[in-house]
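K.L.:
Sharing coords_15.tsv, TSV, C-alpha atoms:
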```
chain	number	residue	atom	x	y	z
G	77	MET	CA	-0.61	-18.60	23.15
G	78	SER	CA	2.92	-18.01	21.88
G	79	GLU	CA	2.13	-16.17	18.62
G	80	ARG	CA	1.78	-12.49	19.42
G	81	LEU	CA	1.44	-11.21	15.82
G	82	ASP	CA	4.13	-8.57	16.31
G	83	GLY	CA	6.89	-7.29	14.01
G	84	VAL	CA	6.40	-5.84	10.52
G	85	ILE	CA	3.52	-7.55	8.75
G	86	VAL	CA	2.76	-6.25	5.26
G	87	ALA	CA	-0.83	-5.51	4.31
G	88	THR	CA	-0.20	-6.95	0.88
G	89	ALA	CA	-1.47	-5.26	-2.26
G	90	LEU	CA	-3.01	-7.58	-4.85
G	91	PRO	CA	-1.83	-7.49	-8.49
G	92	TYR	CA	-4.33	-8.11	-11.27
G	93	ALA	CA	-3.97	-9.35	-14.84
G	94	PRO	CA	-6.34	-8.38	-17.68
G	95	ASP	CA	-9.02	-11.03	-18.21
G	96	PRO	CA	-12.29	-10.21	-20.00
G	97	THR	CA	-14.04	-13.10	-18.25
G	98	ALA	CA	-13.18	-11.86	-14.73
G	99	PRO	CA	-15.03	-9.23	-12.68
G	100	ALA	CA	-14.26	-5.75	-14.04
G	101	GLY	CA	-12.00	-7.41	-16.62
G	102	LEU	CA	-9.30	-8.14	-14.05
G	103	ARG	CA	-8.30	-11.39	-12.36
G	104	PRO	CA	-5.93	-11.74	-9.40
G	105	ASP	CA	-2.45	-12.55	-10.73
G	106	LEU	CA	-1.59	-15.23	-8.19
G	107	ASP	CA	1.88	-15.89	-9.61
G	108	LYS	CA	2.86	-12.23	-9.26
G	109	PHE	CA	1.23	-12.15	-5.83
G	110	ALA	CA	3.19	-15.16	-4.58
G	111	GLU	CA	6.43	-13.61	-5.79
G	112	HIS	CA	5.55	-10.34	-4.05
G	113	CYS	CA	4.81	-12.09	-0.74
G	114	GLN	CA	8.16	-13.85	-0.93
G	115	TRP	CA	9.96	-10.61	-1.84
G	116	VAL	CA	8.75	-8.61	1.17
G	117	VAL	CA	9.69	-11.41	3.57
G	118	GLU	CA	13.10	-11.86	1.92
G	119	ASN	CA	13.64	-8.12	2.43
G	120	GLY	CA	13.16	-8.27	6.18
G	121	CYS	CA	9.43	-8.18	6.90
G	122	ARG	CA	8.10	-10.74	9.37
G	123	GLY	CA	5.05	-11.72	7.38
G	124	VAL	CA	2.18	-10.88	5.06
G	125	GLY	CA	-1.43	-9.90	5.59
G	126	PRO	CA	-3.58	-10.62	2.53
G	127	ASN	CA	-7.27	-9.80	2.15
G	128	GLY	CA	-7.18	-6.52	4.01
G	129	SER	CA	-8.50	-3.24	2.67
G	130	LEU	CA	-5.24	-2.72	0.79
G	131	GLY	CA	-5.69	-6.21	-0.67
G	132	GLU	CA	-9.13	-5.14	-2.00
G	133	TYR	CA	-10.86	-8.05	-0.26
G	134	SER	CA	-14.29	-6.47	-0.66
G	135	SER	CA	-13.89	-6.46	-4.47
G	136	LEU	CA	-13.09	-10.19	-4.67
G	137	THR	CA	-15.39	-13.13	-5.25
G	138	ASP	CA	-15.49	-15.70	-2.46
G	139	ALA	CA	-13.42	-18.12	-4.54
G	140	GLU	CA	-10.80	-15.47	-5.33
G	141	ARG	CA	-10.59	-14.40	-1.72
G	142	ARG	CA	-9.75	-17.89	-0.56
G	143	GLU	CA	-7.26	-18.43	-3.40
G	144	VAL	CA	-5.45	-15.22	-2.44
G	145	ALA	CA	-5.18	-16.38	1.17
G	146	GLN	CA	-3.96	-19.83	0.16
G	147	THR	CA	-1.39	-18.29	-2.19
G	148	ALA	CA	0.04	-16.05	0.55
G	149	ILE	CA	0.19	-18.89	3.09
G	150	ALA	CA	2.04	-21.16	0.65
G	151	ALA	CA	4.38	-18.39	-0.50
G	152	VAL	CA	5.79	-17.59	2.95
G	153	LYS	CA	5.55	-21.02	4.57
G	154	ASN	CA	8.55	-21.65	6.84
G	155	LYS	CA	9.89	-18.15	6.03
G	156	GLY	CA	7.33	-15.78	7.51
G	157	ILE	CA	3.85	-15.65	9.00
G	158	ALA	CA	0.54	-15.18	7.16
G	159	VAL	CA	-2.17	-13.18	8.93
G	160	ILE	CA	-5.36	-13.40	6.89
G	161	GLY	CA	-8.00	-10.68	6.75
G	162	VAL	CA	-11.34	-12.23	7.75
G	163	HIS	CA	-13.51	-9.10	7.74
G	164	GLY	CA	-17.21	-9.72	7.33
G	165	VAL	CA	-20.56	-7.98	7.50
G	166	GLY	CA	-21.66	-10.29	10.29
G	167	ALA	CA	-20.13	-12.64	12.84
G	168	HIS	CA	-21.08	-15.71	10.81
G	169	GLN	CA	-19.22	-14.44	7.73
G	170	ALA	CA	-16.10	-13.45	9.69
G	171	ARG	CA	-16.09	-16.78	11.53
G	172	HIS	CA	-16.43	-18.61	8.19
G	173	TRP	CA	-13.36	-16.85	6.77
G	174	ALA	CA	-11.43	-17.50	10.00
G	175	GLU	CA	-12.29	-21.21	9.84
G	176	LEU	CA	-11.09	-21.37	6.23
G	177	ALA	CA	-7.89	-19.56	7.24
G	178	ALA	CA	-7.31	-22.15	9.96
G	179	GLU	CA	-7.99	-24.97	7.52
G	180	ASP	CA	-5.50	-23.46	5.04
G	181	GLY	CA	-2.70	-23.14	7.61
G	182	ALA	CA	-2.73	-19.43	8.49
G	183	ASP	CA	-0.75	-18.19	11.49
G	184	GLY	CA	-3.41	-15.71	12.57
G	185	VAL	CA	-6.25	-13.48	11.42
G	186	LEU	CA	-6.92	-9.76	11.21
G	187	CYS	CA	-10.52	-8.82	11.88
G	188	LEU	CA	-12.55	-5.63	11.82
G	189	PRO	CA	-15.77	-5.29	13.78
G	190	PRO	CA	-18.83	-5.88	11.58
G	191	THR	CA	-18.47	-4.01	8.31
G	192	MET	CA	-21.31	-2.01	6.73
G	193	TYR	CA	-23.09	-1.81	10.10
G	194	ARG	CA	-22.43	0.42	13.09
G	195	ALA	CA	-22.40	-2.33	15.71
G	196	ASN	CA	-22.93	-1.65	19.40
G	197	ARG	CA	-20.60	-2.88	22.13
G	198	ARG	CA	-22.45	-6.13	22.76
G	199	GLU	CA	-22.51	-6.93	19.03
G	200	VAL	CA	-18.79	-6.17	18.68
G	201	VAL	CA	-17.93	-8.54	21.54
G	202	HIS	CA	-20.13	-11.27	20.03
G	203	HIS	CA	-18.44	-10.78	16.65
G	204	PHE	CA	-14.99	-11.52	18.04
G	205	GLU	CA	-16.23	-14.36	20.25
G	206	GLU	CA	-17.46	-16.07	17.09
G	207	VAL	CA	-14.20	-15.47	15.19
G	208	ALA	CA	-12.27	-16.90	18.15
G	209	LYS	CA	-14.04	-20.23	17.69
G	210	ALA	CA	-11.77	-20.87	14.69
G	211	GLY	CA	-8.88	-21.19	17.14
G	212	LEU	CA	-6.36	-18.89	15.46
G	213	PRO	CA	-4.58	-15.91	17.09
G	214	ILE	CA	-6.66	-12.79	16.42
G	215	MET	CA	-5.50	-9.25	15.73
G	216	VAL	CA	-8.46	-6.97	16.41
G	217	TYR	CA	-8.54	-4.09	13.92
G	218	ASN	CA	-9.71	-0.67	15.09
G	219	ASN	CA	-10.50	1.50	12.06
G	220	PRO	CA	-13.21	3.94	13.18
G	221	ILE	CA	-12.72	6.00	9.99
G	222	ASP	CA	-14.09	3.25	7.76
G	223	THR	CA	-16.27	1.20	10.13
G	224	LYS	CA	-17.73	4.09	12.18
G	225	VAL	CA	-17.16	1.84	15.22
G	226	ASP	CA	-14.43	3.00	17.59
G	227	LEU	CA	-12.83	0.22	19.60
G	228	THR	CA	-11.87	2.39	22.56
G	229	PRO	CA	-9.17	1.20	24.98
G	230	ASP	CA	-11.75	-0.01	27.50
G	231	LEU	CA	-13.53	-2.02	24.79
G	232	ILE	CA	-10.17	-3.37	23.58
G	233	ALA	CA	-9.53	-4.52	27.17
G	234	GLU	CA	-12.85	-6.38	27.16
G	235	LEU	CA	-12.07	-7.99	23.78
G	236	GLY	CA	-8.66	-8.92	25.16
G	237	GLN	CA	-10.38	-11.26	27.61
G	238	ILE	CA	-11.60	-13.41	24.71
G	239	GLU	CA	-9.46	-16.49	24.17
G	240	HIS	CA	-7.15	-16.15	21.13
G	241	VAL	CA	-7.32	-12.33	20.97
G	242	VAL	CA	-3.62	-11.43	21.16
G	243	ALA	CA	-3.17	-8.09	19.38
G	244	VAL	CA	-4.83	-4.89	18.24
G	245	LYS	CA	-4.13	-2.96	15.06
G	246	GLU	CA	-4.70	0.67	16.03
G	247	PHE	CA	-5.74	2.87	13.09
G	248	SER	CA	-7.53	5.72	14.83
G	249	GLY	CA	-4.56	8.02	14.17
G	250	ASP	CA	-4.52	9.01	17.84
G	251	VAL	CA	-1.10	7.97	19.16
G	252	ARG	CA	-2.36	8.52	22.72
G	253	ARG	CA	-4.21	5.25	22.29
G	254	VAL	CA	-0.99	3.20	22.38
G	255	LEU	CA	-0.28	3.93	26.05
G	256	GLU	CA	-3.97	3.80	26.92
G	257	ILE	CA	-4.29	0.30	25.44
G	258	LYS	CA	-1.07	-0.85	27.10
G	259	ALA	CA	-2.44	0.32	30.44
G	260	ALA	CA	-5.89	-1.21	29.93
G	261	ALA	CA	-4.73	-4.49	28.37
G	262	PRO	CA	-1.01	-4.97	29.01
G	263	HIS	CA	-1.04	-8.55	27.71
G	264	LEU	CA	-2.00	-7.47	24.17
G	265	THR	CA	0.42	-6.64	21.37
G	266	VAL	CA	-0.23	-3.08	20.20
G	267	VAL	CA	0.27	-2.82	16.44
G	268	ALA	CA	0.76	0.48	14.62
G	269	GLY	CA	-1.88	0.60	11.91
G	270	ALA	CA	-1.29	3.92	10.16
G	271	ASP	CA	2.03	4.37	8.39
G	272	ASP	CA	2.14	8.13	8.95
G	273	VAL	CA	2.15	7.82	12.75
G	274	VAL	CA	4.24	4.66	12.95
G	275	LEU	CA	7.34	6.13	14.56
G	276	GLU	CA	5.27	7.93	17.19
G	277	SER	CA	3.38	4.68	17.90
G	278	LEU	CA	6.55	2.59	18.14
G	279	LEU	CA	8.19	5.07	20.49
G	280	MET	CA	5.14	4.85	22.74
G	281	GLY	CA	5.48	1.08	22.98
G	282	ALA	CA	3.84	-0.53	19.95
G	283	THR	CA	5.73	-3.71	19.06
G	284	GLY	CA	4.08	-4.42	15.72
G	285	TRP	CA	3.39	-2.60	12.47
G	286	PHE	CA	0.70	-3.82	10.08
G	287	ALA	CA	1.86	-1.73	7.23
G	288	GLY	CA	1.11	-0.55	3.70
G	289	TYR	CA	4.32	1.00	2.43
G	290	PRO	CA	6.56	-2.06	2.93
G	291	ASN	CA	4.87	-3.16	-0.31
G	292	VAL	CA	7.11	-0.48	-1.83
G	293	PHE	CA	10.28	-0.50	0.28
G	294	PRO	CA	10.30	-3.39	2.75
G	295	ALA	CA	13.99	-3.11	3.67
G	296	GLU	CA	13.76	0.58	4.62
G	297	CYS	CA	10.54	0.02	6.58
G	298	THR	CA	12.10	-2.88	8.46
G	299	GLU	CA	15.13	-0.70	9.22
G	300	LEU	CA	12.84	2.04	10.57
G	301	PHE	CA	11.01	-0.47	12.76
G	302	ASP	CA	14.26	-1.90	14.12
G	303	LEU	CA	15.74	1.53	14.85
G	304	ALA	CA	12.61	2.53	16.76
G	305	GLN	CA	12.53	-0.73	18.72
G	306	GLN	CA	16.20	-0.23	19.65
G	307	GLY	CA	15.55	3.35	20.82
G	308	LYS	CA	17.83	4.85	18.16
G	309	LEU	CA	15.70	7.96	17.83
G	310	THR	CA	18.08	10.19	15.85
G	311	GLU	CA	18.61	7.58	13.12
G	312	ALA	CA	14.94	6.62	13.10
G	313	LYS	CA	13.79	10.23	12.86
G	314	THR	CA	16.15	10.97	9.96
G	315	LEU	CA	14.81	7.99	7.99
G	316	TYR	CA	11.18	8.66	8.93
G	317	GLU	CA	11.26	12.28	7.82
G	318	ARG	CA	12.27	11.12	4.35
G	319	LEU	CA	9.58	8.45	4.16
G	320	VAL	CA	6.61	10.06	5.89
G	321	PRO	CA	5.35	12.22	2.99
G	322	ALA	CA	4.77	8.97	1.08
G	323	PHE	CA	3.45	7.26	4.22
G	324	ARG	CA	0.70	9.90	4.49
G	325	TRP	CA	-1.00	8.32	1.49
G	326	ASP	CA	-1.71	5.29	3.69
G	327	SER	CA	-4.31	7.36	5.57
G	328	ARG	CA	-6.00	8.88	2.51
G	329	THR	CA	-9.04	7.71	0.57
G	330	GLU	CA	-6.90	6.69	-2.43
G	331	PHE	CA	-4.38	4.73	-0.36
G	332	VAL	CA	-4.66	1.54	-2.41
G	333	GLN	CA	-4.13	3.34	-5.71
G	334	ALA	CA	-1.29	5.45	-4.26
G	335	ILE	CA	0.57	2.45	-2.85
G	336	LYS	CA	0.18	0.52	-6.10
G	337	HIS	CA	1.45	3.55	-8.04
G	338	SER	CA	4.37	3.80	-5.62
G	339	MET	CA	5.16	0.15	-6.35
G	340	ASP	CA	5.22	0.95	-10.06
G	341	PHE	CA	7.47	3.94	-9.30
G	342	VAL	CA	10.19	1.74	-7.80
G	343	GLY	CA	9.98	-0.90	-10.54
G	344	ARG	CA	7.70	-3.36	-8.78
G	345	TYR	CA	4.25	-4.20	-10.17
G	346	GLY	CA	1.34	-2.37	-8.61
G	347	GLY	CA	-1.05	-2.06	-11.50
G	348	PRO	CA	-4.75	-1.21	-11.55
G	349	CYS	CA	-7.49	-1.63	-8.95
G	350	ARG	CA	-10.96	-3.06	-9.27
G	351	PRO	CA	-13.99	-0.79	-8.78
G	352	PRO	CA	-15.03	1.04	-6.77
G	353	ARG	CA	-11.42	2.27	-6.82
G	354	GLY	CA	-10.65	4.26	-9.95
G	355	PRO	CA	-7.32	5.63	-11.15
G	356	LEU	CA	-5.54	8.52	-9.49
G	357	THR	CA	-5.95	11.95	-11.03
G	358	GLU	CA	-2.96	13.47	-12.81
G	359	GLU	CA	-2.49	15.82	-9.84
G	360	GLN	CA	-2.52	12.91	-7.40
G	361	ARG	CA	-0.06	10.91	-9.49
G	362	ALA	CA	2.27	13.90	-9.62
G	363	GLN	CA	2.10	14.30	-5.83
G	364	VAL	CA	2.76	10.58	-5.22
G	365	ASP	CA	5.74	10.83	-7.61
G	366	ALA	CA	7.09	13.86	-5.74
G	367	ASP	CA	6.69	12.13	-2.39
G	368	MET	CA	8.35	8.99	-3.73
G	369	LYS	CA	11.28	10.95	-5.12
G	370	LEU	CA	11.91	12.29	-1.62
G	371	ALA	CA	11.51	8.83	-0.10
G	372	THR	CA	14.00	7.27	-2.50
G	373	SER	CA	16.53	10.12	-2.51
```
For this file, produce the structure as structure tokens.
P.N.:
Amino acid sequence: MSERLDGVIVATALPYAPDPTAPAGLRPDLDKFAEHCQWVVENGCRGVGPNGSLGEYSSLTDAERREVAQTAIAAVKNKGIAVIGVHGVGAHQARHWAELAAEDGADGVLCLPPTMYRANRREVVHHFEEVAKAGLPIMVYNNPIDTKVDLTPDLIAELGQIEHVVAVKEFSGDVRRVLEIKAAAPHLTVVAGADDVVLESLLMGATGWFAGYPNVFPAECTELFDLAQQGKLTEAKTLYERLVPAFRWDSRTEFVQAIKHSMDFVGRYGGPCRPPRGPLTEEQRAQVDADMKLATS
């Protein structure tokens, strides 16, 4: 399969508009979202990844979730790739979302192991075998912090034997995993998942970045990725040191709110989140502002 799901793919944040008839009084603003998807690709990113955690997929209705995916696919068609989040509680739900993504013209899917359930190894393998039946390239997502299931390098190697599994988004925070995965499954694309260890991951051989902060500054993030891929360590390190205080929010509980606030900071539209995510505290807002001032200095 030619599509390796590498490069900088933005885990796109989802803007809302006030609507008293919508859940929590907020409806997805699909016009703003389409413009945002186009903007990040025009500013150097390879593609977009809607309906991930940053896209608040778990707070959307089924109809909204599909509309968001369709909007992203249409917005970047012939300009970038769309990798749709298909996370589900069980294999049948994840497969359903993957089949809809295929029907809607997605370039690939991002998939966690079963959510809300600490699946065992056999159940994890079955989950991805079912998702693979949709026929799209799959980026396996290891996020043991949220799922309580750690896709260890040996398990990644087993998943890599499933047809259509082409990449792994590594969000354990342990940069040692990059080389371990490359050794265990050299045919897979290793994708940096956590913004605040991205340079370390890229220098160890990751060739993708499924990223949060390109929602805020896509051009700078693309430059950082390119410098790292070219081995220009001095230039990459100088840029990274300026950005990484902001990047650290990507690994915190309030990462969605922080990234949306950072978007507001630079004149984009981030806006509010749906529950269960509430607003940042005044102290948190002040810290995000301080980190963003350094990042944009």
K.L.:
Would you mind listing what lies within 10 Å of Gly125 in chain G as a list of chain:residue names, with only C-alpha atoms counted and same-chain residues fewer than 5 positions away left out?
P.N.:
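The neighbour list is G:Ile85, G:Val86, G:Ala87, G:Thr88, G:Ala89, G:Cys113, G:Leu130, G:Gly131, G:Ala145, G:Ala148, G:Ile149, G:Ile157, G:Ala158, G:Val159, G:Ile160, G:Gly161, G:Gly184, G:Val185, G:Leu186, G:Phe286, G:Ala287, G:Gly288.
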K.L.:
Taking all atoms listed in the file into account, name the residue in G:Pro351, G:Gly120, G:Gly269, G:Pro104 that is nearest to Glu140 in chain G.
P.N.:
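Checking each of G:Pro351, G:Gly120, G:Gly269, G:Pro104 against Glu140 in chain G, counting all atoms listed in the file, the winner is G:Pro104.
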K.L.:
Skipping near chain neighbours, those fewer than 2 positions away, what residues fall within 12 Å of Phe341 in chain G using only C-alpha atoms, listed as a PDB file with C-alpha atoms, keeping the file's coordinate frame?
P.N.:
```
ATOM      1  CA  ASN G 291       4.870  -3.160  -0.310  1.00  0.00           C
ATOM      2  CA  VAL G 292       7.110  -0.480  -1.830  1.00  0.00           C
ATOM      3  CA  PHE G 293      10.280  -0.500   0.280  1.00  0.00           C
ATOM      4  CA  ALA G 322       4.770   8.970   1.080  1.00  0.00           C
ATOM      5  CA  ALA G 334      -1.290   5.450  -4.260  1.00  0.00           C
ATOM      6  CA  ILE G 335       0.570   2.450  -2.850  1.00  0.00           C
ATOM      7  CA  LYS G 336       0.180   0.520  -6.100  1.00  0.00           C
ATOM      8  CA  HIS G 337       1.450   3.550  -8.040  1.00  0.00           C
ATOM      9  CA  SER G 338       4.370   3.800  -5.620  1.00  0.00           C
ATOM     10  CA  MET G 339       5.160   0.150  -6.350  1.00  0.00           C
ATOM     11  CA  GLY G 343       9.980  -0.900 -10.540  1.00  0.00           C
ATOM     12  CA  ARG G 344       7.700  -3.360  -8.780  1.00  0.00           C
ATOM     13  CA  TYR G 345       4.250  -4.200 -10.170  1.00  0.00           C
ATOM     14  CA  GLY G 346       1.340  -2.370  -8.610  1.00  0.00           C
ATOM     15  CA  GLY G 347      -1.050  -2.060 -11.500  1.00  0.00           C
ATOM     16  CA  ARG G 361      -0.060  10.910  -9.490  1.00  0.00           C
ATOM     17  CA  ALA G 362       2.270  13.900  -9.620  1.00  0.00           C
ATOM     18  CA  VAL G 364       2.760  10.580  -5.220  1.00  0.00           C
ATOM     19  CA  ASP G 365       5.740  10.830  -7.610  1.00  0.00           C
ATOM     20  CA  ALA G 366       7.090  13.860  -5.740  1.00  0.00           C
ATOM     21  CA  ASP G 367       6.690  12.130  -2.390  1.00  0.00           C
ATOM     22  CA  MET G 368       8.350   8.990  -3.730  1.00  0.00           C
ATOM     23  CA  LYS G 369      11.280  10.950  -5.120  1.00  0.00           C
ATOM     24  CA  ALA G 371      11.510   8.830  -0.100  1.00  0.00           C
ATOM     25  CA  THR G 372      14.000   7.270  -2.500  1.00  0.00           C
TER      26      THR G 372
END
```
K.L.:
What would the list of residues within 9 Å of (6.7, 11.0, 9.0) (file frame) look like as a PyMOL selection string, if only C-alpha atoms are what count?
P.N.:
chain G and resi 271-276+313+315-324
K.L.:
Rounded to one decimal, what separation in Å do you get between CA of Val124 in chain G and CA of Ala139 in chain G?
P.N.:
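Computing it gives 19.7 Å between the two atoms.
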K.L.:
Find the residue from G:Leu136, G:Gly156, G:Pro348, G:Ala268 that sits nearest to Val117 in chain G; use all atoms listed in the file when measuring.
P.N.:
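Checking each candidate against Val117 in chain G, we get G:Gly156 as the closest.
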K.L.:
Just to confirm, what's the straight-line distance from CA of Pro91 in chain G to CA of His112 in chain G in Å (one decimal)?
P.N.:
9.1 Å
K.L.:
Can you tell me which residues surround Thr147 in chain G at a distance of at most 9 Å, considering all atoms listed in the file, apart from same-chain residues fewer than 2 positions away, and format the answer as a ChimeraX atom specification?
P.N.:
/G:106-107,109-110,113,142-145,149-152
K.L.:
Keeping only C-alpha atoms, write those residues as a PDB file, in the coordinates of the input.
P.N.:
```
ATOM      1  CA  LEU G 106      -1.590 -15.230  -8.190  1.00  0.00           C
ATOM      2  CA  ASP G 107       1.880 -15.890  -9.610  1.00  0.00           C
ATOM      3  CA  PHE G 109       1.230 -12.150  -5.830  1.00  0.00           C
ATOM      4  CA  ALA G 110       3.190 -15.160  -4.580  1.00  0.00           C
ATOM      5  CA  CYS G 113       4.810 -12.090  -0.740  1.00  0.00           C
ATOM      6  CA  ARG G 142      -9.750 -17.890  -0.560  1.00  0.00           C
ATOM      7  CA  GLU G 143      -7.260 -18.430  -3.400  1.00  0.00           C
ATOM      8  CA  VAL G 144      -5.450 -15.220  -2.440  1.00  0.00           C
ATOM      9  CA  ALA G 145      -5.180 -16.380   1.170  1.00  0.00           C
ATOM     10  CA  ILE G 149       0.190 -18.890   3.090  1.00  0.00           C
ATOM     11  CA  ALA G 150       2.040 -21.160   0.650  1.00  0.00           C
ATOM     12  CA  ALA G 151       4.380 -18.390  -0.500  1.00  0.00           C
ATOM     13  CA  VAL G 152       5.790 -17.590   2.950  1.00  0.00           C
TER      14      VAL G 152
END
```
K.L.:
How close does range 275-355 of chain G get to range 209-225 of chain G? List, as JSON lines, each residue of range 275-355 of chain G within 12 Å, its nearest atom pair and the distance in Å to one decimal, counting only C-alpha atoms.
P.N.:
```
{"residue": "G:Gly284", "atom": "CA", "partner": "G:Met215", "partner_atom": "CA", "distance": 10.7}
{"residue": "G:Trp285", "atom": "CA", "partner": "G:Met215", "partner_atom": "CA", "distance": 11.6}
{"residue": "G:Phe286", "atom": "CA", "partner": "G:Met215", "partner_atom": "CA", "distance": 10.0}
{"residue": "G:Ser327", "atom": "CA", "partner": "G:Ile221", "partner_atom": "CA", "distance": 9.6}
{"residue": "G:Arg328", "atom": "CA", "partner": "G:Ile221", "partner_atom": "CA", "distance": 10.5}
{"residue": "G:Thr329", "atom": "CA", "partner": "G:Asp222", "partner_atom": "CA", "distance": 9.9}
```
K.L.:
Kindly save the residues from that selection, with C-alpha atoms included, as a PDB file, in the coordinates of the input.
P.N.:
```
ATOM      1  CA  GLY G 284       4.080  -4.420  15.720  1.00  0.00           C
ATOM      2  CA  TRP G 285       3.390  -2.600  12.470  1.00  0.00           C
ATOM      3  CA  PHE G 286       0.700  -3.820  10.080  1.00  0.00           C
ATOM      4  CA  SER G 327      -4.310   7.360   5.570  1.00  0.00           C
ATOM      5  CA  ARG G 328      -6.000   8.880   2.510  1.00  0.00           C
ATOM      6  CA  THR G 329      -9.040   7.710   0.570  1.00  0.00           C
TER       7      THR G 329
END
```
K.L.:
I'd like the box whose edges run along x, y and z of the file and which contains every listed atom of range 119-133 of chain G, padded by 5 Å per side; could you state its centre and edge lengths in Å, one decimal, as JSON?
P.N.:
```
{"center_x": 1.4, "center_y": -7.2, "center_z": 3.7, "size_x": 34.5, "size_y": 19.0, "size_z": 21.4}
```
K.L.:
Using all atoms listed in the file for the distances, tell me which of G:Thr137, G:Leu356, G:Val267, G:Asn119 is nearest to Ala98 in chain G.
P.N.:
G:Thr137
K.L.:
One decimal, Å: what's the distance from CA of Cys297 in chain G over to CA of Leu278 in chain G, could you say?
P.N.:
12.5 Å
K.L.:
Given the choices G:His240, G:Arg141, G:Arg80, G:Lys245, which gets closest to Cys187 in chain G if the distance is worked out from only C-alpha atoms?
P.N.:
G:Lys245
K.L.:
May I ask which of the residues G:Met192, G:Ala170, G:Gly123, G:Glu111 is the closest one to Thr298 in chain G, counting only C-alpha atoms?
P.N.:
G:Gly123
K.L.:
Report as a ChimeraX atom specification all protein, DNA and RNA residues lying within 9 Å of Gly281 in chain G, evaluated on all atoms listed in the file, omitting residues in the same chain fewer than 2 positions from it.
P.N.:
/G:254-255,258,266,276-279,283,305
K.L.:
Emit the selected residues as a short mmCIF file (atom, residue, chain, number, x, y, z; two decimals), in the coordinates of the input, including C-alpha atoms.
P.N.:
```cif
data_model
loop_
_atom_site.label_atom_id
_atom_site.label_comp_id
_atom_site.auth_asym_id
_atom_site.auth_seq_id
_atom_site.Cartn_x
_atom_site.Cartn_y
_atom_site.Cartn_z
CA VAL G 254 -0.99 3.20 22.38
CA LEU G 255 -0.28 3.93 26.05
CA LYS G 258 -1.07 -0.85 27.10
CA VAL G 266 -0.23 -3.08 20.20
CA GLU G 276 5.27 7.93 17.19
CA SER G 277 3.38 4.68 17.90
CA LEU G 278 6.55 2.59 18.14
CA LEU G 279 8.19 5.07 20.49
CA THR G 283 5.73 -3.71 19.06
CA GLN G 305 12.53 -0.73 18.72
#
```
K.L.:
For range 228-244 of chain G in the structure I just supplied, write out C-alpha atoms - as a compact mmCIF listing (two decimals), in the first residue's frame.
P.N.:
```
# COMPACT_ATOMS: atom_id res chain seq x y z
CA THR G 228 3.95 -2.23 23.40
CA PRO G 229 6.43 -2.58 20.51
CA ASP G 230 5.91 -6.35 20.34
CA LEU G 231 2.13 -5.87 20.14
CA ILE G 232 2.61 -3.13 17.52
CA ALA G 233 4.66 -5.65 15.50
CA GLU G 234 1.77 -8.13 15.68
CA LEU G 235 -0.74 -5.45 14.63
CA GLY G 236 1.61 -4.54 11.80
CA GLN G 237 0.97 -7.94 10.26
CA ILE G 238 -2.68 -6.99 9.70
CA GLU G 239 -3.38 -5.89 6.14
CA HIS G 240 -3.79 -2.10 5.84
CA VAL G 241 -2.02 -1.27 9.13
CA VAL G 242 0.70 1.10 7.92
CA ALA G 243 1.56 3.43 10.82
CA VAL G 244 1.53 3.90 14.57
```
